[in-house]
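Okay, structure07.txt is below, compact mmCIF, N, CA and C atoms:
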```txt
# COMPACT_ATOMS: atom_id res chain seq x y z
N MET A 1 157.11 122.48 19.05
CA MET A 1 157.84 123.24 20.06
C MET A 1 159.21 122.61 20.26
N MET A 2 160.20 123.43 20.40
CA MET A 2 161.57 122.97 20.57
C MET A 2 161.78 122.48 22.00
N SER A 3 162.55 121.40 22.12
CA SER A 3 162.87 120.85 23.44
C SER A 3 164.21 121.41 23.92
N CYS A 4 164.54 121.12 25.17
CA CYS A 4 165.84 121.53 25.72
C CYS A 4 166.98 120.91 24.92
N ARG A 5 166.82 119.67 24.50
CA ARG A 5 167.85 119.02 23.68
C ARG A 5 168.02 119.73 22.33
N ASP A 6 166.90 120.14 21.75
CA ASP A 6 166.97 120.87 20.48
C ASP A 6 167.75 122.17 20.66
N VAL A 7 167.47 122.88 21.74
CA VAL A 7 168.16 124.14 22.01
C VAL A 7 169.65 123.88 22.25
N ASP A 8 169.94 122.85 23.04
CA ASP A 8 171.33 122.51 23.32
C ASP A 8 172.09 122.22 22.02
N ALA A 9 171.47 121.51 21.10
CA ALA A 9 172.11 121.18 19.83
C ALA A 9 172.35 122.41 18.97
N ARG A 10 171.57 123.46 19.19
CA ARG A 10 171.68 124.68 18.38
C ARG A 10 172.34 125.84 19.12
N LEU A 11 172.81 125.58 20.33
CA LEU A 11 173.33 126.66 21.18
C LEU A 11 174.48 127.44 20.53
N ALA A 12 175.50 126.75 20.07
CA ALA A 12 176.65 127.44 19.49
C ALA A 12 176.25 128.24 18.25
N PRO A 13 175.53 127.66 17.29
CA PRO A 13 175.12 128.46 16.13
C PRO A 13 174.20 129.62 16.52
N PHE A 14 173.37 129.41 17.54
CA PHE A 14 172.50 130.48 18.01
C PHE A 14 173.33 131.65 18.54
N LEU A 15 174.33 131.34 19.35
CA LEU A 15 175.17 132.39 19.92
C LEU A 15 176.00 133.11 18.86
N ARG A 16 176.33 132.41 17.78
CA ARG A 16 177.10 133.03 16.69
C ARG A 16 176.20 133.66 15.64
N ALA A 17 174.88 133.68 15.88
CA ALA A 17 173.89 134.25 14.95
C ALA A 17 173.95 133.56 13.59
N GLU A 18 174.07 132.24 13.61
CA GLU A 18 174.17 131.47 12.37
C GLU A 18 172.91 130.66 12.07
N LEU A 19 171.88 130.75 12.90
CA LEU A 19 170.66 129.99 12.67
C LEU A 19 169.76 130.70 11.67
N SER A 20 168.96 129.92 10.99
CA SER A 20 167.95 130.49 10.10
C SER A 20 166.92 131.23 10.96
N PHE A 21 166.15 132.09 10.34
CA PHE A 21 165.13 132.84 11.08
C PHE A 21 164.15 131.92 11.79
N PRO A 22 163.61 130.88 11.12
CA PRO A 22 162.67 130.01 11.84
C PRO A 22 163.30 129.31 13.04
N ASP A 23 164.55 128.86 12.91
CA ASP A 23 165.20 128.22 14.05
C ASP A 23 165.47 129.21 15.17
N ARG A 24 165.90 130.43 14.83
CA ARG A 24 166.13 131.46 15.85
C ARG A 24 164.84 131.76 16.60
N LEU A 25 163.76 131.88 15.85
CA LEU A 25 162.46 132.16 16.46
C LEU A 25 162.04 131.03 17.40
N ALA A 26 162.25 129.79 16.97
CA ALA A 26 161.89 128.64 17.81
C ALA A 26 162.73 128.62 19.09
N VAL A 27 164.02 128.95 18.97
CA VAL A 27 164.88 129.00 20.17
C VAL A 27 164.37 130.09 21.10
N HIS A 28 164.09 131.27 20.57
CA HIS A 28 163.60 132.38 21.40
C HIS A 28 162.29 132.00 22.10
N ARG A 29 161.42 131.33 21.40
CA ARG A 29 160.15 130.90 22.03
C ARG A 29 160.42 129.94 23.18
N HIS A 30 161.35 129.01 22.96
CA HIS A 30 161.68 128.07 24.03
C HIS A 30 162.31 128.80 25.21
N LEU A 31 163.23 129.71 24.93
CA LEU A 31 163.91 130.44 26.00
C LEU A 31 162.94 131.26 26.85
N ALA A 32 161.87 131.73 26.23
CA ALA A 32 160.89 132.54 26.96
C ALA A 32 160.26 131.76 28.10
N GLY A 33 160.21 130.44 27.99
CA GLY A 33 159.58 129.64 29.02
C GLY A 33 160.50 128.67 29.75
N CYS A 34 161.79 128.72 29.45
CA CYS A 34 162.71 127.75 30.04
C CYS A 34 163.89 128.45 30.70
N HIS A 35 163.86 128.50 32.01
CA HIS A 35 164.94 129.16 32.77
C HIS A 35 166.27 128.44 32.58
N LYS A 36 166.24 127.12 32.54
CA LYS A 36 167.47 126.33 32.41
C LYS A 36 168.19 126.65 31.09
N CYS A 37 167.47 126.69 30.01
CA CYS A 37 168.08 126.99 28.72
C CYS A 37 168.49 128.47 28.64
N SER A 38 167.71 129.33 29.24
CA SER A 38 168.07 130.76 29.27
C SER A 38 169.40 130.95 29.99
N ARG A 39 169.60 130.23 31.09
CA ARG A 39 170.88 130.30 31.81
C ARG A 39 172.02 129.76 30.96
N ALA A 40 171.77 128.70 30.21
CA ALA A 40 172.80 128.13 29.33
C ALA A 40 173.21 129.16 28.27
N VAL A 41 172.25 129.89 27.75
CA VAL A 41 172.56 130.93 26.76
C VAL A 41 173.36 132.05 27.42
N GLU A 42 172.98 132.45 28.63
CA GLU A 42 173.74 133.48 29.36
C GLU A 42 175.18 133.04 29.59
N ARG A 43 175.35 131.80 30.01
CA ARG A 43 176.71 131.28 30.24
C ARG A 43 177.50 131.22 28.95
N GLY A 44 176.86 130.83 27.88
CA GLY A 44 177.53 130.80 26.58
C GLY A 44 177.97 132.18 26.15
N ARG A 45 177.12 133.17 26.37
CA ARG A 45 177.49 134.56 26.04
C ARG A 45 178.65 135.03 26.91
N ASP A 46 178.62 134.64 28.18
CA ASP A 46 179.72 135.00 29.08
C ASP A 46 181.04 134.41 28.60
N VAL A 47 181.01 133.16 28.19
CA VAL A 47 182.23 132.50 27.70
C VAL A 47 182.75 133.21 26.45
N MET A 48 181.84 133.56 25.55
CA MET A 48 182.26 134.27 24.34
C MET A 48 182.88 135.62 24.69
N ALA A 49 182.28 136.32 25.63
CA ALA A 49 182.80 137.63 26.03
C ALA A 49 184.17 137.51 26.67
N VAL A 50 184.34 136.51 27.54
CA VAL A 50 185.63 136.31 28.20
C VAL A 50 186.70 135.96 27.18
N SER A 51 186.37 135.08 26.25
CA SER A 51 187.38 134.69 25.26
C SER A 51 187.74 135.86 24.35
N LYS A 52 186.76 136.67 23.98
CA LYS A 52 187.06 137.85 23.15
C LYS A 52 187.92 138.85 23.92
N SER A 53 187.58 139.09 25.18
CA SER A 53 188.35 140.06 25.95
C SER A 53 189.74 139.54 26.26
N ALA A 54 189.88 138.24 26.46
CA ALA A 54 191.20 137.68 26.73
C ALA A 54 192.12 137.86 25.53
N CYS A 55 191.57 137.69 24.36
CA CYS A 55 192.38 137.87 23.15
C CYS A 55 192.62 139.34 22.84
N ALA A 56 191.64 140.18 23.11
CA ALA A 56 191.78 141.60 22.82
C ALA A 56 192.70 142.30 23.82
N ALA A 57 192.79 141.77 25.03
CA ALA A 57 193.59 142.42 26.07
C ALA A 57 195.08 142.31 25.80
N ALA A 58 195.48 141.29 25.11
CA ALA A 58 196.91 141.10 24.83
C ALA A 58 197.22 141.65 23.45
N SER A 59 198.29 142.43 23.36
CA SER A 59 198.65 142.98 22.06
C SER A 59 199.11 141.87 21.12
N ASP A 60 199.79 140.90 21.66
CA ASP A 60 200.24 139.75 20.88
C ASP A 60 200.01 138.51 21.74
N PRO A 61 198.73 138.04 21.78
CA PRO A 61 198.45 136.93 22.70
C PRO A 61 199.26 135.69 22.38
N LYS A 62 199.78 135.11 23.41
CA LYS A 62 200.51 133.85 23.30
C LYS A 62 199.55 132.76 23.74
N PRO A 63 199.63 131.60 23.14
CA PRO A 63 198.70 130.53 23.52
C PRO A 63 198.66 130.25 25.01
N GLU A 64 199.78 130.37 25.69
CA GLU A 64 199.79 130.06 27.13
C GLU A 64 199.13 131.17 27.96
N ASP A 65 198.89 132.35 27.38
CA ASP A 65 198.27 133.45 28.12
C ASP A 65 196.75 133.32 28.18
N VAL A 66 196.14 132.74 27.21
CA VAL A 66 194.69 132.70 27.10
C VAL A 66 194.05 131.50 27.78
N PRO A 67 194.57 130.31 27.69
CA PRO A 67 193.83 129.14 28.13
C PRO A 67 193.30 129.14 29.57
N LEU A 68 194.04 129.61 30.55
CA LEU A 68 193.55 129.53 31.92
C LEU A 68 192.26 130.31 32.10
N GLN A 69 192.23 131.54 31.63
CA GLN A 69 191.02 132.34 31.77
C GLN A 69 189.88 131.73 30.96
N LEU A 70 190.16 131.27 29.76
CA LEU A 70 189.15 130.66 28.93
C LEU A 70 188.68 129.34 29.52
N LEU A 71 189.61 128.54 29.99
CA LEU A 71 189.26 127.26 30.61
C LEU A 71 188.37 127.47 31.82
N ASN A 72 188.68 128.44 32.65
CA ASN A 72 187.85 128.73 33.82
C ASN A 72 186.45 129.14 33.42
N ALA A 73 186.33 129.92 32.36
CA ALA A 73 185.02 130.37 31.88
C ALA A 73 184.22 129.18 31.34
N VAL A 74 184.88 128.31 30.60
CA VAL A 74 184.20 127.14 30.07
C VAL A 74 183.76 126.21 31.19
N ARG A 75 184.64 126.03 32.18
CA ARG A 75 184.24 125.19 33.34
C ARG A 75 183.03 125.78 34.04
N ALA A 76 183.03 127.08 34.24
CA ALA A 76 181.90 127.74 34.90
C ALA A 76 180.63 127.56 34.09
N MET A 77 180.75 127.66 32.77
CA MET A 77 179.58 127.51 31.91
C MET A 77 179.05 126.08 31.97
N CYS A 78 179.92 125.12 32.02
CA CYS A 78 179.52 123.72 31.92
C CYS A 78 178.83 123.18 33.17
N HIS A 79 179.03 123.82 34.31
CA HIS A 79 178.37 123.34 35.51
C HIS A 79 176.87 123.61 35.41
N GLY A 80 176.12 122.55 35.29
CA GLY A 80 174.67 122.68 35.24
C GLY A 80 174.11 122.91 33.86
N VAL A 81 174.93 122.87 32.84
CA VAL A 81 174.40 123.04 31.48
C VAL A 81 173.59 121.82 31.11
N LEU A 82 172.59 122.03 30.30
CA LEU A 82 171.70 120.98 29.82
C LEU A 82 172.40 119.68 29.87
```

Write-out of the structure in structure tokens:
Amino acid sequence: MMSCRDVDARLAPFLRAELSFPDRLAVHRHLAGCHKCSRAVERGRDVMAVSKSACAAASDPKPEDVPLQLLNAVRAMCHGVL
């Protein structure tokens, strides 16, 4: 059975759908019984959505336009993460 540390180590590849089927299945099994890791996945998805929308909202994004919104999302995600 996968531990919270195992899930934490695989969080980014899991969110990017880069894990093998057995690893994805193990993460899903862990998430089914772990509220803390489920919240970490939700926060990770939120950060990905914010970063995608921040880049998509600007026709020609400038580096100084994106970081504040992205930084705030990352800070929000990191509070209480594994």

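When atom C of A:Met2 is paired with atom C of A:His35, their separation reads 12.9 Å.
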
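The shortest atom-to-atom distance to A:Lys52, with only C-alpha atoms taken into account, belongs to A:Leu70 out of A:Ala32, A:Met1, A:Leu70, A:Ala26.
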
* To do: May I have the residues within 10 Å of A:Val27 as a PyMOL selection string, using only C-alpha atoms and disregarding those fewer than 2 positions away in the same chain?
  => chain A and resi 1-4+6-8+10-11+14+19+21-25+29-32+37-38

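Across the model, the gap from atom N of A:Val50 to atom C of A:Gly33 is 25.2 Å.
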
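Interatomic distance, atom C of A:Ser51 against atom N of A:Ala9: 21.9 Å.
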
* **Nearest to A:Asp46 by atom-to-atom distance, counting only C-alpha atoms, from A:Arg5, A:Pro13, A:Cys34, A:Gln69** => A:Gln69

Enclose all atoms of stretch 30-47 of chain A listed in the file in an axis-aligned box, grow every side by 4 Å, and hand back centre and edge lengths in Å to one decimal, as AutoDock Vina command-line options.
```
--center_x 171.2 --center_y 130.7 --center_z 27.9 --size_x 31.2 --size_y 16.7 --size_z 17.8
```
